[in-house]
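Colleague: Below are the structure tokens for one structure; questions will follow.
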Protein chains: 2
Amino acid sequence: MDLGLDGAALTAHLVDIGSVSGEEGPLADAIESALRPLPHLTVHRDGNVIVARTTLGRPERVILAGHLDTVPIAGNLPSRAEGSRLYGCGTTDMKSGVAVQLRLAGSLTSPARDVTYVFYDCEEVAAERNGLLRLSRSSPELLAGDFAVLMEPSSGEIEAGCQGTLRAEIAAAGRRAHTARSWMGRNAIHEAGDILGVLRGYVAREPEVEGLRYHEGLNAVGIRGGVAGNVVPDECVVTVNYRFAPDRDAAQAEDFVRSLFAAWPVTVLDVAEGARPGLAHPAAAAFVAAIGATPRAKLGWTDVARFAALGVPAVNYGPGISEIAHTPDEYVETAAIAACESRLRDWLGSSG
Amino acid sequence: MDLGLDGAALTAHLVDIGSVSGEEGPLADAIESALRPLPHLTVHRDGNVIVARTTLGRPERVILAGHLDTVPIAGNLPSRAEGSRLYGCGTTDMKSGVAVQLRLAGSLTSPARDVTYVFYDCEEVAAERNGLLRLSRSSPELLAGDFAVLMEPSSGEIEAGCQGTLRAEIAAAGRRAHTARSWMGRNAIHEAGDILGVLRGYVAREPEVEGLRYHEGLNAVGIRGGVAGNVVPDECVVTVNYRFAPDRDAAQAEDFVRSLFAAWPVTVLDVAEGARPGLAHPAAAAFVAAIGATPRAKLGWTDVARFAALGVPAVNYGPGISEIAHTPDEYVETAAIAACESRLRDWLGSSG
């Protein structure tokens, strides 16, 4: 792998090494081979996670992190240049970001801030397989730092913090009866109409957190009920997903859901904390100044929350376009790759 | 099999020949062996359906029909007498009725009305396996008659006609979106709240049909929706069951459901016509007079509708207790068996 290729050409090269989740081995090998010989970097490998660090003793350490995996290929390999765009699986999410990481890692031999470059696997699949989560448990010291940039597609905008997510089941109860004598029973599905009524009456909070506007949401994401075609059902379960702004923690989110549905049994299935923007840190402020964009709130949950859990403020910032991630026609504007690299280079500085 | 046993003893004998749906062979064999030698009966067998008929050239022909199968055994075999009751699988539903049929078939050598005794299989399972349905298609002439009595458990009451049943799916539509930006979509499960609202606002008709009061019902019997835990769902389907009085036919029932849910696509899954009481026929009137009970409307769907479809008015009348049918503790009052037999014997008369 030639780290001297320009950002677009390097992105194309990375894209053409297909790396659907679970199959990141060849790409991780190629990256390790490219970085291992560089004298200004210390390289660690753990499975298909690669961490490369400068160790210059700078007063600040920042992290640039990106995942190597993509969603399944959808007839969109190999990559294909067309006008100002590069098409192909992973162009936008997020091998263009990985290309920027690699270009910086290869060329910034003496940055003004120490840099940790993290390349990890299995971001697009179930959390328990996530390489960043694994590393945060096995070797958290490798992820230590003052500020982290996750190179997720953000259209060159700074997306700060992220909202949390909670899923819970709300159960309506009834009493079974034969439908020919339905008045002998109580229909739990009909009863669930009140649960849906609460959902429909919900008004989303849009709190400002450290100057950024978040936007919550509460939705039914599943409903099930029914015993047989001739039976008044005695149970109907609504699964809801609450997306909560980072001014609430997991316990507050759970309290909110339980109080909203106080009339029914509530079972919390899972919850993931959000992350506050954390832009007050000097390294973050310098980052915002260097990028020259106005930060906006990240509404979806992302791995920035894993850094937040380690006490490291983090943002999403990358050349891809989140709206077209995971689509067969995903692409990246090649000019955005160069712009992203240039701004990060300005921020990281160089004394070498 | 000794048809000279009293009704309770014969019921116990029938119960002890287990005959869960699909396993009626040995019981059908025993019945065929008992009836085949009797000179006053002409016996047909079709699979595990047995039809035994008098052919005396009487001006009226009536039918006594009963099913041989039971629901699965639930630790309730062999039968067990306790005080005035006989316990065991099928005692109430409906081997006590079959015992009455057999006692009458064996002893009424010259009834005032020609009698067709029908014993059939697979009533407790899916309609396509029902022996009476099969016979009504393959040999409808064997089911011809002026009036039919289905010996289903009715606590010695006359249950006339039956309600029809229709199942349909009502589909609410939405637009998918990520739950982190749920306002970009439209939640089909929330939308289904309006469908449940219609169900909750429904007021049941209780029409009088030929002097009997029916009671309709409209219930959700199933609901499903949901794509993934982080997706605003674009579809939610409610399955409803409409039980309709026999003053409405299938087309009217369908029109009613479609007009009630006019705001949504409605897919009719299946519909079974009900049956009018048909008590005006002279044979039916004589039956009611002989039994000495006031007919009441049958709310559930039963095989009387199969006779109605053949143009034969039919009622449920049997010694069992419908409320305890299909329970492990089902029983029959032995006095009810004798009473049922005695009344039917009065009605069928004897000129021999």
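Residues in the structure tokens are numbered from 1 in each chain, the chains being A, B, ... in the order shown, and ligands are numbered from 1 in the order shown.
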Using only C-alpha atoms, which chain A residues lie at most 6 Å away from chain B, written as a list of chain:residue names?
Modeller: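 Written out as asked, the residues are A:Ala180, A:His190, A:Gly193, A:Leu196, A:Val221, A:Gly222, A:Ile223, A:Arg224, A:Gly225, A:Gly226, A:Gly229, A:Val232, A:Leu299, A:Gly300.
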Colleague: Give me, as a tab-separated table, the closest atom pair and its distance (Å, one decimal) for every residue of stretch 72-109 of chain A within a cut-off of 9 Å of stretch 41-50 of chain A, counting only C-alpha atoms, rows sorted by chain and rising number.
Modeller:
residue	atom	partner	partner_atom	distance
A:Ala105	CA	A:Leu41	CA	8.0
A:Gly106	CA	A:Leu41	CA	8.9
A:Thr109	CA	A:Leu41	CA	8.2
Colleague: Emit the selected residues as a PDB file, in the first residue's frame, including all heavy atoms.
Modeller:
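Just written: again.pdb:
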ATOM      1  N   ALA A 105      -0.990   9.706   9.068  1.00  0.00           N
ATOM      2  CA  ALA A 105      -0.082   8.841   9.836  1.00  0.00           C
ATOM      3  C   ALA A 105       1.248   8.690   9.109  1.00  0.00           C
ATOM      4  O   ALA A 105       2.330   8.673   9.733  1.00  0.00           O
ATOM      5  CB  ALA A 105      -0.732   7.473  10.061  1.00  0.00           C
ATOM      6  N   GLY A 106       1.182   8.594   7.794  1.00  0.00           N
ATOM      7  CA  GLY A 106       2.409   8.377   7.033  1.00  0.00           C
ATOM      8  C   GLY A 106       3.283   9.605   6.931  1.00  0.00           C
ATOM      9  O   GLY A 106       4.525   9.495   6.899  1.00  0.00           O
ATOM     10  N   THR A 109       5.380  13.284  10.664  1.00  0.00           N
ATOM     11  CA  THR A 109       6.393  12.617  11.483  1.00  0.00           C
ATOM     12  C   THR A 109       6.602  13.312  12.826  1.00  0.00           C
ATOM     13  O   THR A 109       7.040  12.698  13.790  1.00  0.00           O
ATOM     14  CB  THR A 109       7.733  12.564  10.733  1.00  0.00           C
ATOM     15  OG1 THR A 109       8.070  13.902  10.342  1.00  0.00           O
ATOM     16  CG2 THR A 109       7.618  11.682   9.489  1.00  0.00           C
TER      17      THR A 109
END
Colleague: Mind checking which residues fall within 7 Å of stretch 340-342 of chain B, counting only C-alpha atoms, ignoring those fewer than 5 positions away in the same chain, and posting them as a list in words?
Modeller: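 My reading of the contact set: Val100, Gly156, Gly318 and Pro319 of chain B.
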Colleague: List as a list in words the protein and nucleic acid residues near stretch 57-72 of chain A, meaning an atom at most 6 Å away when only C-alpha atoms are counted, but skip any in the same chain fewer than 2 places from it.
Modeller: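 Close residues of stretch 57-72 of chain A: Ser19, Val20, Ser21, Thr55, Gly90, Val98, Arg113, Asp114, Val115, Thr116, Tyr117, Val118, Phe119, Tyr120, Asp121, Cys122, Gly145, Asp146, Phe147, Ala148, Val149, Leu150 and Met151 of chain A.
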Colleague: From the set B:Gly292, B:Pro153, B:Gly131, B:Gly18, which residue has the shortest atom-to-atom contact distance to B:Cys89, counting only C-alpha atoms?
Modeller: B:Gly18
Colleague: Of the residues A:Gly7, A:Pro282, A:Gly311, A:Gly211, which is the one nearest to A:Lys95, using only C-alpha atoms?
Modeller: A:Gly7
Colleague: Considering only C-alpha atoms, can you say which of B:Leu348, B:Leu310, B:Leu260, B:Val304 comes closest to B:Phe287?
Modeller: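 So, comparing all the options, the nearest one is B:Leu348.
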Colleague: Using DSSP on the backbone coordinates, identify all residues within stretch 56-237 of chain B classified as strand (DSSP E); present the result as number ranges by chain.
Modeller: B: 61-67, 80-82, 85-87, 114-120, 147-150, 159-160, 164-173, 177-178, 208-209, 212-213, 217-225, 231-232, 235-237
Colleague: Taking 3 positions as the minimum chain separation for residues in the same chain, which residues sit within 8 Å of A:Glu333 when counting only C-alpha atoms? Answer as a PyMOL selection string.
Modeller: chain A and resi 84-86+319-320+336-337
Colleague: Which is closest to B:Ala280 among B:Met184, B:Ala160, B:Leu132, B:Ala177, if we use only C-alpha atoms?
Modeller: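 Distance minimum relative to B:Ala280 lands on B:Ala160.
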